[in-house]
Amino acid sequence: MRPSTIASYILGICCLLLASCSDTSDSASRTEASADYDISHPDFLTVQRLVAGESMDSLYLLADADDPAVRLMSARALASYRDGRSVEVLTALLADADVQIRQAAAYALGQTGDARVVSSLLQAYDASDSLRIHSAVNGTILEAIGKTGDESMLAYMPRIAGISPRDTQILLGQTRAIYRFALRSLQDTAATSYMAQLASNDGYPASVRSIAAQYLARTADIDITAYSTDLIATLQTEQDARIRMALATALSKVASPASSDALGKIAVEDTDYRVRLSAIRSLGTHGIAAARGYLQSALQDDHPMVRMTALSEMLQHGTAADARALYSHYTTAEDAQEKYAAAAAANEHLSWRQALTRDKLNAQLKTDYVDSKDPYAQAAMLQAMSHDVQNQGFLERIASSSKEPVILMGSLSALRTLYTSEKFRKYYGGQYQTNLRRAATRLMQIMESGDGGSIAYIAGILSDERMGLSAKNLPIDKLKEIRSALIMPRDMDAYQELGKLIAKLEGSEYQLAAPSQTYQPDWSLLTSETPTATIRTARGSIQIDLDPLAAPVSVINFIQLAEEGYYDDKSVHRVVPNFVIQGGCPRGDGMGSADYSFHSEVPQQYYDRAGKLGMASAGPHTESVQWFITHSPTPHLDGKYTIMGQVSSGMDVVHDTRVGDKIIDITITR
């Protein structure tokens with residue numbers, strides 16, 4: 001580190017710890033009115049056209065416009081591009097007279113992930129703001145440092161002076177910063193202690209405690225044993241479900257009798273299925289001896305997502321002692337996804353002593369597969385078969401012959417489970433590696449069909465460390481040939497996955513590709529600041545308030561597709577309990593896209609509550625037609641995935657949605 005950089009760090013640290021900095025707004029040269037704007041602003045569409053056209057130089061010029069609204073639009077747009085080339089322009093905006101512009105600039109600088117911005121952010125932090133006039137800016141600066149700073153800055157985060165429980169904006173910035181450091185695999189024991197204290201202290205705002213609890217839940221390799229008594233007590237008395245579900249997840253890291261007992265009680269008694277589900281997941285990691293009774297009870301839960309989670313945990317952690325109960329659940333479950341999840345778990349744990357039952361189960365699975373007309377149920381059956389090596393030939397034949405995308409992906413997913421299992425290794429013994437190489441050859445043959453979805457998935461299988469494949473086993477030139485034949489941007493998933501596989505085989509670092517934006521928005525569709533979308537399904541309707549101010553291109557695309565009937569009769573192809581439901585795939589398997597893409601739109605917005613409507617992508621600036629709705633707060637998605645709306649009614653439908661549910665239609669009110 002250069003001496004000048006060290007001096008900047010010291011100055012910034014003094015600002016944070018000693019509250020000795022001056023208000024940076026005093027030196028600002030502009031004194032215009034508020035930068036507030038809406039979509040009726042005469043320059044709004046001009047700016048958005050520049051963004052859609054990737055006209056970066058023009059956006060940089062607009063950052064110096066006389067109109068503060070235009071400067072604000074420019075700063076927010078630059079946050080979406082996350083480009084280090086914008087650092088100079090955004091740094092200048094940190095001294096803008098308008099507080100919203102300074103905040104937008106700080107956020108955008110954090111989005112760059114560029115370590116060069118830290119000293120500027122530190123100098124812009126106004127620690128002398130005793131009246132908390134600039135709390136929103138200061139909080140955003142802290143969050144931005146969490147995306148750009150190093151371990152030395154993380155160490156100072158829990159020690160910032162003068163923060164009271166009423167300083168919500170500063171606390172949000174501070175906790176988000178520590179969380180962002182953790183997402184970058186930077187951890188500190190003092191920071192963990194601080195987050196545990198916040199999470200268990202109801203004197204602090206719930207929004208802040210929720211982030212602290214999320215940190216405890218999602219950060220790997222942290223030891224929270226010393227705080228477990230307080231966390232358990234909080235879990236049992238907390239009123240806010242966001243905090244309860246995160247704490248229930250965090251306690252997966254504390255495999256003590258007290259933790260298991262508390263989670264078991266929550267798994268049975270909590271009124272929110274998401275909290276019960278989180279407790280069930282954590283119990284699974286505590287060992288089957290401690291969890292078995294609770295998992296078996298959860299199989300009778302009123303909510304199907306809790307039952308599915310219990311089956312998943314029994315699949316991972318159960319033993320032969322659980323096989324009979326799992327088989328019984330398979331024979332009685334009414335929902336197809338649940339039925340075959342139970343079959344998968346039973347098939348995994350049936351022992352050689354139960355060979356007759358196992359043979360009966362697998363014969364029935366094959367019969368069900370032939371008789372079924374539901375590709376999503378058939379995919380679940382194939383996954384259930386993957387837990388018996390003797391089904392290998394059947395699964396490989398389906399993978400080689402099926403043209404139905406959902407079934408093809410289901411068979412490939414089943415083969416991945418099979419090939420990477422300990423059962424496969426034991427079954428083939430000394431011939432294990434030989435059979436894996438043969439499997440790789442068969443998968444390469446499927447790749448040569450040119451199907452983008454199967455190419456993407458197979459590339460992921462071949463990259464799997466458990467396959468043990470290397471450049472000696474895979475023809476790199478052939479992989480490059482397959483990649484060059486892909487159609488972009490439609491096959492972006494396949495292009496990315498093959499790129500990562502080739503880079504791994506060559507021992508190089510892969511940089512995610514971002515295609516040129518080919519979508520031409522119909523700007524005339526922006527006729528209302530709050531258009532609404534109604535997603536009609538057989539389970540009921542979901543109403544969403546769209547947000548064209550934050551994500552104009554995403555909203556235009558969604559409106560256009562909905563009004564053209566594009567989403568009619570498509571399926572919800574992905575449901576992850578207490579995470580998301582996802583739809584809009586033209587193939588129905590999650591691997592499809594349109595023949596265009598457009599840029600991510602990620603100004604300062606947060607996945608801080610359930611019901612956020614986001615755009616799915618294969619990496620930055622690869623959005624197209626797929627969307628998702630969240631079940632709960634998902635802060636690890638912040639700043640990465642576009643938010644284009646919020647569910648206003650019908651969250652019960654979102655929570656009840658299953659894989660394969662049909663979307664009748666989507667209507668737009670403007």
# chains A, B, ... in the order shown; residues from 1 in each chain; ligands from 1

call {"tool": "residues_around", "arguments": {"residues": "His317 (chain A)", "least_positions_apart": "2", "cutoff": "12 Å", "atoms": "only C-alpha atoms", "output": "VMD selection string"}}
result
chain A and resid 280 to 292 295 310 to 315 319 to 323 345 to 346 348 to 349

call {"tool": "residues_around", "arguments": {"residues": "Ile141 (chain A)", "least_positions_apart": "5", "cutoff": "12 Å", "atoms": "only C-alpha atoms", "output": "PyMOL selection string"}}
result
chain A and resi 12+16+91+94+102-111+117-127+134-136+146-149+157+169-177

call {"tool": "select_by_dssp", "arguments": {"residues": "region 386-432 of chain A", "states": "alpha helix (DSSP H)", "output": "MDAnalysis selection string"}}
result
chainID A and resid 392:401 405:419 422:428 432

call {"tool": "write_last_selection", "arguments": {"atoms": "N, CA and C atoms", "output": "tab-separated table (two decimals), in the first residue's frame"}}
result
chain	number	residue	atom	x	y	z
A	392	GLN	N	-29.01	-47.29	-13.54
A	392	GLN	CA	-28.12	-46.50	-14.39
A	392	GLN	C	-28.49	-46.62	-15.87
A	393	GLY	N	-28.67	-47.83	-16.35
A	393	GLY	CA	-28.96	-48.02	-17.77
A	393	GLY	C	-30.26	-47.34	-18.18
A	394	PHE	N	-31.29	-47.46	-17.34
A	394	PHE	CA	-32.58	-46.83	-17.64
A	394	PHE	C	-32.41	-45.32	-17.73
A	395	LEU	N	-31.71	-44.73	-16.78
A	395	LEU	CA	-31.52	-43.28	-16.76
A	395	LEU	C	-30.70	-42.81	-17.97
A	396	GLU	N	-29.69	-43.56	-18.33
A	396	GLU	CA	-28.86	-43.17	-19.48
A	396	GLU	C	-29.65	-43.26	-20.78
A	397	ARG	N	-30.53	-44.23	-20.89
A	397	ARG	CA	-31.36	-44.33	-22.10
A	397	ARG	C	-32.31	-43.15	-22.21
A	398	ILE	N	-32.90	-42.75	-21.10
A	398	ILE	CA	-33.80	-41.58	-21.11
A	398	ILE	C	-33.02	-40.33	-21.51
A	399	ALA	N	-31.84	-40.16	-20.93
A	399	ALA	CA	-31.03	-38.97	-21.24
A	399	ALA	C	-30.62	-38.93	-22.71
A	400	SER	N	-30.38	-40.09	-23.30
A	400	SER	CA	-29.92	-40.14	-24.69
A	400	SER	C	-31.06	-40.00	-25.70
A	401	SER	N	-32.29	-40.25	-25.26
A	401	SER	CA	-33.39	-40.31	-26.23
A	401	SER	C	-34.47	-39.24	-26.04
A	405	PRO	N	-37.69	-31.21	-22.77
A	405	PRO	CA	-36.65	-30.56	-21.96
A	405	PRO	C	-36.73	-30.87	-20.47
A	406	VAL	N	-37.93	-30.90	-19.90
A	406	VAL	CA	-38.06	-31.14	-18.46
A	406	VAL	C	-37.57	-32.54	-18.12
A	407	ILE	N	-37.93	-33.51	-18.94
A	407	ILE	CA	-37.50	-34.89	-18.69
A	407	ILE	C	-36.01	-35.04	-18.96
A	408	LEU	N	-35.52	-34.40	-20.01
A	408	LEU	CA	-34.09	-34.45	-20.31
A	408	LEU	C	-33.28	-33.90	-19.15
A	409	MET	N	-33.68	-32.74	-18.62
A	409	MET	CA	-32.96	-32.16	-17.48
A	409	MET	C	-33.12	-33.04	-16.24
A	410	GLY	N	-34.30	-33.65	-16.09
A	410	GLY	CA	-34.51	-34.54	-14.96
A	410	GLY	C	-33.60	-35.75	-15.02
A	411	SER	N	-33.42	-36.31	-16.21
A	411	SER	CA	-32.55	-37.48	-16.35
A	411	SER	C	-31.10	-37.10	-16.12
A	412	LEU	N	-30.67	-35.93	-16.61
A	412	LEU	CA	-29.29	-35.49	-16.40
A	412	LEU	C	-29.03	-35.19	-14.92
A	413	SER	N	-30.01	-34.58	-14.26
A	413	SER	CA	-29.88	-34.34	-12.82
A	413	SER	C	-29.76	-35.66	-12.07
A	414	ALA	N	-30.56	-36.64	-12.47
A	414	ALA	CA	-30.50	-37.95	-11.83
A	414	ALA	C	-29.14	-38.61	-12.05
A	415	LEU	N	-28.61	-38.50	-13.27
A	415	LEU	CA	-27.31	-39.09	-13.55
A	415	LEU	C	-26.20	-38.41	-12.74
A	416	ARG	N	-26.31	-37.11	-12.56
A	416	ARG	CA	-25.30	-36.42	-11.74
A	416	ARG	C	-25.32	-36.96	-10.31
A	417	THR	N	-26.53	-37.12	-9.76
A	417	THR	CA	-26.66	-37.68	-8.42
A	417	THR	C	-26.04	-39.08	-8.37
A	418	LEU	N	-26.33	-39.88	-9.40
A	418	LEU	CA	-25.84	-41.26	-9.43
A	418	LEU	C	-24.32	-41.31	-9.55
A	419	TYR	N	-23.78	-40.60	-10.54
A	419	TYR	CA	-22.35	-40.68	-10.82
A	419	TYR	C	-21.49	-40.17	-9.66
A	422	GLU	N	-21.61	-42.13	-3.37
A	422	GLU	CA	-20.76	-43.15	-2.78
A	422	GLU	C	-21.21	-44.55	-3.21
A	423	LYS	N	-22.50	-44.71	-3.45
A	423	LYS	CA	-23.02	-45.99	-3.92
A	423	LYS	C	-22.39	-46.38	-5.26
A	424	PHE	N	-22.26	-45.41	-6.15
A	424	PHE	CA	-21.66	-45.66	-7.47
A	424	PHE	C	-20.21	-46.09	-7.31
A	425	ARG	N	-19.51	-45.40	-6.42
A	425	ARG	CA	-18.09	-45.72	-6.18
A	425	ARG	C	-17.96	-47.16	-5.64
A	426	LYS	N	-18.79	-47.50	-4.67
A	426	LYS	CA	-18.70	-48.83	-4.07
A	426	LYS	C	-19.14	-49.92	-5.05
A	427	TYR	N	-20.14	-49.64	-5.84
A	427	TYR	CA	-20.69	-50.64	-6.76
A	427	TYR	C	-19.64	-51.08	-7.78
A	428	TYR	N	-18.89	-50.10	-8.29
A	428	TYR	CA	-17.91	-50.43	-9.33
A	428	TYR	C	-16.51	-50.70	-8.80
A	432	TYR	N	-14.32	-48.01	-10.93
A	432	TYR	CA	-15.06	-46.76	-10.72
A	432	TYR	C	-14.63	-45.67	-11.70

call {"tool": "atom_distance", "arguments": {"atom1": "CA of Pro205 (chain A)", "atom2": "CA of Arg609 (chain A)"}}
result
14.7 Å

call {"tool": "closest_residue", "arguments": {"among": "A:Arg574, A:Lys504, A:Arg353, A:Arg490", "to": "Asp595 (chain A)", "atoms": "only C-alpha atoms"}}
result
A:Arg490

call {"tool": "residues_around", "arguments": {"residues": "Arg437 (chain A)", "least_positions_apart": "6", "cutoff": "10 Å", "atoms": "only C-alpha atoms", "output": "list in words"}}
result
Leu443, Met467, Gly468, Leu469, Asn473 and Leu474 of chain A

call {"tool": "residues_around", "arguments": {"residues": "His387 (chain A)", "least_positions_apart": "2", "cutoff": "7 Å", "atoms": "only C-alpha atoms", "output": "list in words"}}
result
Ala344, Asn347, Glu348, Ala384, Met385, Val389 and Leu418 of chain A

call {"tool": "write_last_selection", "arguments": {"atoms": "N, CA, C and O atoms", "output": "mmCIF file, in the first residue's frame"}}
result
data_model
loop_
_atom_site.group_PDB
_atom_site.id
_atom_site.type_symbol
_atom_site.label_atom_id
_atom_site.label_comp_id
_atom_site.auth_asym_id
_atom_site.auth_seq_id
_atom_site.Cartn_x
_atom_site.Cartn_y
_atom_site.Cartn_z
ATOM 1 N N ALA A 344 -37.318 -41.113 -3.257
ATOM 2 C CA ALA A 344 -35.871 -40.902 -3.355
ATOM 3 C C ALA A 344 -35.193 -41.200 -2.023
ATOM 4 O O ALA A 344 -34.164 -41.890 -1.970
ATOM 5 N N ASN A 347 -35.320 -44.939 -1.298
ATOM 6 C CA ASN A 347 -34.390 -45.652 -2.169
ATOM 7 C C ASN A 347 -32.943 -45.483 -1.703
ATOM 8 O O ASN A 347 -32.117 -46.385 -1.835
ATOM 9 N N GLU A 348 -32.642 -44.311 -1.160
ATOM 10 C CA GLU A 348 -31.296 -44.051 -0.661
ATOM 11 C C GLU A 348 -30.971 -44.914 0.542
ATOM 12 O O GLU A 348 -29.825 -45.389 0.696
ATOM 13 N N ALA A 384 -35.703 -39.992 -8.106
ATOM 14 C CA ALA A 384 -35.855 -41.061 -7.107
ATOM 15 C C ALA A 384 -35.091 -42.316 -7.530
ATOM 16 O O ALA A 384 -34.486 -43.003 -6.706
ATOM 17 N N MET A 385 -35.093 -42.613 -8.831
ATOM 18 C CA MET A 385 -34.372 -43.790 -9.328
ATOM 19 C C MET A 385 -32.867 -43.642 -9.190
ATOM 20 O O MET A 385 -32.136 -44.636 -9.121
ATOM 21 N N VAL A 389 -28.087 -47.755 -8.009
ATOM 22 C CA VAL A 389 -27.160 -47.831 -9.142
ATOM 23 C C VAL A 389 -27.697 -48.732 -10.244
ATOM 24 O O VAL A 389 -27.372 -48.553 -11.430
ATOM 25 N N LEU A 418 -26.331 -39.878 -9.396
ATOM 26 C CA LEU A 418 -25.845 -41.256 -9.427
ATOM 27 C C LEU A 418 -24.323 -41.314 -9.550
ATOM 28 O O LEU A 418 -23.640 -41.985 -8.762
#

call {"tool": "select_by_dssp", "arguments": {"residues": "region 577-668 of chain A", "states": "strand (DSSP E or B)", "output": "number ranges by chain"}}
result
A: 580-583, 598, 612-615, 623, 627-630, 643-649, 662-668
